[in-house]
Amino acid sequence: MAKPAVVVVGADKGGVGKTTVSRTLLDYFSANNVPTRAFDTESPRGTLKRFHPDITEIVDMTTTADQMKIFDTLNATSPSVTVIDVRAGLLSPALASLRDIGFLDAAKAGQITFAVFHILGPSIASLDEIAETAGFMGGAKYFLVKNFINDTQFFQWDQATYQSYFNRIKDATELTIPKLNEMAYEQVEVSSVPFLKFVANKGINDEAANYSFVLRGYVRHWLANVWSEFDRIRLTDIVGSKSATRSEK
């Protein structure tokens with residue numbers, strides 16, 4: 001049986017595009033034929049579930065019962081990868097819970113593959129989050145994600161200040177999510193479909209759609225750039241999938 005992999009996407013600051021990154025991950029795993037399930041912790045009304053309803057369950061990660069839904073089933077379900085979209089303000093408490101239940105120790109022991117995509121905002125408060133999460137990263141693949149999706153004036157930090165924070169994390173890897181054309185992003189939001197379906201001109205139930213050729217082109221180009229970042233860090237290898245054939249669904 002393949003070793004289960006858990007990918008946590010989060011930040012303590014709101015409005016930095018966590019769910020957008022989670023959606024690109026789910027599309028990436030789908031295109032690479034990696035069986036995946038997802039949990040949306042924006043209870044009771046999740047955003048991730050709106051775009052990926054078939055594989056996403058809404059949970060309240062602060063409750064023991066819902067923690068059991070996620071972690072007691074890691075070895076009992078067929079999907080090898082579990083993506084958890086952690087709502088704003090919950091990243092540090094969620095990591096503390098993972099420590100308390102012994103999940104982080106299991107990751108250190110190599111029983112579970114654990115990756116954290118920490119979405120950074122443009123303020124110094126996001127850098128402070130790095131220091132706060134550092135203590136939980138033993139045994140984890142830690143990715144610091146600069147997400148330009150929402151703001152063209154992103155990351156105007158003093159470079160020395162940024163490096164002083166970044167260097168506190170051993171083996172941290174930087175990722176960059178480029179900005180998507182605003183009109184294209186808005187159209188995908190209105191359509192309530194995954195980025196892949198929008199590019200393929202398909203509706204919610206795979207029916208033929210009539211999205212703009214131009215906007216689909218922008219999304220296709222942007223998604224290819226995002227996926228090239230995931231390819232660069234060898235994400236399919238990290239989660240234990242050796243799938244070499246990418247499908248365009």
# chains A, B, ... in the order shown; residues from 1 in each chain; ligands from 1

call {"tool": "select_by_dssp", "arguments": {"residues": "region 17-244 of chain A", "states": "strand (DSSP E)", "output": "short mmCIF file (atom, residue, chain, number, x, y, z; two decimals) with N, CA, C and O atoms, in the first residue's frame"}}
result
data_model
loop_
_atom_site.label_atom_id
_atom_site.label_comp_id
_atom_site.auth_asym_id
_atom_site.auth_seq_id
_atom_site.Cartn_x
_atom_site.Cartn_y
_atom_site.Cartn_z
N THR A 36 -6.73 11.69 -5.43
CA THR A 36 -6.69 12.76 -4.43
C THR A 36 -8.07 12.97 -3.83
O THR A 36 -9.08 12.86 -4.50
N ARG A 37 -8.08 13.30 -2.54
CA ARG A 37 -9.29 13.78 -1.88
C ARG A 37 -8.92 15.10 -1.19
O ARG A 37 -7.73 15.40 -0.98
N ALA A 38 -9.94 15.88 -0.85
CA ALA A 38 -9.67 17.19 -0.26
C ALA A 38 -10.61 17.46 0.89
O ALA A 38 -11.75 16.97 0.93
N PHE A 39 -10.11 18.26 1.83
CA PHE A 39 -10.93 18.72 2.95
C PHE A 39 -10.88 20.25 2.98
O PHE A 39 -9.81 20.85 2.91
N ASP A 40 -12.05 20.84 3.07
CA ASP A 40 -12.22 22.29 3.11
C ASP A 40 -12.58 22.66 4.54
O ASP A 40 -13.63 22.27 5.05
N THR A 56 -14.30 16.77 -2.39
CA THR A 56 -14.07 17.66 -1.25
C THR A 56 -15.15 17.49 -0.19
O THR A 56 -16.33 17.43 -0.50
N GLU A 57 -14.70 17.44 1.06
CA GLU A 57 -15.62 17.39 2.20
C GLU A 57 -15.32 18.58 3.11
O GLU A 57 -14.16 18.91 3.36
N ILE A 58 -16.38 19.24 3.57
CA ILE A 58 -16.22 20.37 4.48
C ILE A 58 -16.10 19.84 5.91
O ILE A 58 -16.91 19.03 6.34
N VAL A 81 -3.39 10.82 -1.85
CA VAL A 81 -3.04 12.17 -1.44
C VAL A 81 -4.27 12.85 -0.83
O VAL A 81 -5.37 12.79 -1.37
N THR A 82 -4.06 13.49 0.31
CA THR A 82 -5.09 14.27 0.98
C THR A 82 -4.66 15.72 1.01
O THR A 82 -3.60 16.05 1.55
N VAL A 83 -5.45 16.60 0.41
CA VAL A 83 -5.18 18.04 0.42
C VAL A 83 -6.11 18.70 1.42
O VAL A 83 -7.34 18.51 1.36
N ILE A 84 -5.54 19.47 2.35
CA ILE A 84 -6.34 20.16 3.37
C ILE A 84 -6.19 21.67 3.16
O ILE A 84 -5.09 22.22 3.31
N ASP A 85 -7.29 22.31 2.79
CA ASP A 85 -7.31 23.76 2.62
C ASP A 85 -7.68 24.38 3.97
O ASP A 85 -8.84 24.33 4.39
N THR A 113 3.89 10.98 4.35
CA THR A 113 4.52 12.10 3.67
C THR A 113 3.72 13.36 4.00
O THR A 113 2.50 13.39 3.83
N PHE A 114 4.41 14.38 4.47
CA PHE A 114 3.74 15.61 4.91
C PHE A 114 4.36 16.80 4.21
O PHE A 114 5.57 17.00 4.23
N ALA A 115 3.52 17.60 3.54
CA ALA A 115 3.99 18.82 2.87
C ALA A 115 3.11 19.99 3.29
O ALA A 115 1.90 19.84 3.45
N VAL A 116 3.73 21.13 3.49
CA VAL A 116 3.01 22.35 3.86
C VAL A 116 3.27 23.42 2.81
O VAL A 116 4.42 23.76 2.53
N PHE A 117 2.19 23.93 2.23
CA PHE A 117 2.27 25.07 1.33
C PHE A 117 1.81 26.29 2.12
O PHE A 117 0.61 26.49 2.34
N HIS A 118 2.78 27.07 2.56
CA HIS A 118 2.49 28.24 3.40
C HIS A 118 2.37 29.46 2.48
O HIS A 118 3.35 29.90 1.88
N ILE A 119 1.14 29.98 2.36
CA ILE A 119 0.89 31.09 1.43
C ILE A 119 1.20 32.41 2.12
O ILE A 119 0.61 32.75 3.15
N LEU A 120 2.14 33.14 1.55
CA LEU A 120 2.60 34.39 2.17
C LEU A 120 1.84 35.59 1.60
O LEU A 120 1.57 35.66 0.41
N LYS A 141 7.93 18.62 4.23
CA LYS A 141 8.40 19.38 3.08
C LYS A 141 7.72 20.75 3.19
O LYS A 141 6.49 20.85 3.15
N TYR A 142 8.52 21.80 3.32
CA TYR A 142 7.96 23.12 3.61
C TYR A 142 8.16 24.03 2.42
O TYR A 142 9.29 24.27 1.99
N PHE A 143 7.04 24.54 1.89
CA PHE A 143 7.09 25.42 0.73
C PHE A 143 6.52 26.79 1.09
O PHE A 143 5.40 26.90 1.59
N LEU A 144 7.33 27.82 0.86
CA LEU A 144 6.89 29.19 1.07
C LEU A 144 6.41 29.73 -0.27
O LEU A 144 7.19 29.85 -1.21
N VAL A 145 5.12 30.02 -0.36
CA VAL A 145 4.49 30.34 -1.63
C VAL A 145 4.22 31.83 -1.73
O VAL A 145 3.44 32.39 -0.95
N LYS A 146 4.86 32.46 -2.70
CA LYS A 146 4.57 33.86 -3.01
C LYS A 146 3.45 33.86 -4.05
O LYS A 146 3.66 33.50 -5.20
N ASN A 147 2.27 34.24 -3.62
CA ASN A 147 1.10 34.18 -4.49
C ASN A 147 0.74 35.57 -4.99
O ASN A 147 0.26 36.40 -4.24
N THR A 173 11.59 25.69 0.66
CA THR A 173 11.65 25.92 -0.78
C THR A 173 10.66 27.01 -1.16
O THR A 173 9.52 27.00 -0.72
N GLU A 174 11.10 27.94 -1.98
CA GLU A 174 10.22 29.01 -2.44
C GLU A 174 9.48 28.59 -3.70
O GLU A 174 10.03 27.93 -4.57
N LEU A 175 8.21 28.98 -3.76
CA LEU A 175 7.40 28.80 -4.96
C LEU A 175 6.76 30.13 -5.32
O LEU A 175 6.44 30.93 -4.44
N THR A 176 6.57 30.36 -6.61
CA THR A 176 5.93 31.59 -7.05
C THR A 176 4.71 31.26 -7.88
O THR A 176 4.80 30.52 -8.87
N ILE A 177 3.56 31.78 -7.47
CA ILE A 177 2.33 31.65 -8.24
C ILE A 177 2.12 32.98 -8.97
O ILE A 177 1.91 34.01 -8.33
#

call {"tool": "residues_around", "arguments": {"residues": "region 93-110 of chain A", "least_positions_apart": "6", "cutoff": "8 Å", "atoms": "only C-alpha atoms", "output": "list in words"}}
result
Met61, Thr62, Val86, Thr133, Phe136, Gly138, Gly139 and Ala140 of chain A

call {"tool": "closest_residue", "arguments": {"among": "A:Arg45, A:Lys69, A:Lys18, A:His52", "to": "Leu196 (chain A)", "atoms": "only C-alpha atoms"}}
result
A:His52

call {"tool": "select_by_dssp", "arguments": {"residues": "region 7-219 of chain A", "states": "alpha helix (DSSP H)", "output": "VMD selection string"}}
result
chain A and resid 18 to 31 48 to 51 64 to 71 91 to 100 103 to 108 124 to 133 159 to 166 182 to 191 195 to 199 213 to 219

call {"tool": "residues_around", "arguments": {"residues": "Thr236 (chain A)", "least_positions_apart": "6", "cutoff": "12 Å", "atoms": "only C-alpha atoms", "output": "list in words"}}
result
Ala5, Val7, Leu25, Leu26, Tyr28, Phe29, Ser30, Ala31, Asn32, Asn33, Val34, Pro35, Thr36, Ser80, Val81, Thr113, Ala115, Trp227, Glu229, Phe230, Lys242, Ser243, Ala244, Thr245 and Arg246 of chain A

call {"tool": "atom_distance", "arguments": {"atom1": "CA of Lys179 (chain A)", "atom2": "CA of Ile130 (chain A)"}}
result
22.6 Å

call {"tool": "atom_distance", "arguments": {"atom1": "CA of Ile112 (chain A)", "atom2": "CA of Leu74 (chain A)"}}
result
9.0 Å

call {"tool": "atom_distance", "arguments": {"atom1": "CA of Val9 (chain A)", "atom2": "CA of Asp66 (chain A)"}}
result
17.3 Å

call {"tool": "residues_around", "arguments": {"residues": "region 181-192 of chain A", "least_positions_apart": "6", "cutoff": "10 Å", "atoms": "only C-alpha atoms", "output": "ChimeraX atom specification"}}
result
/A:20,47-52,149-151,198-199,202-204,209,211-212,214-219,222
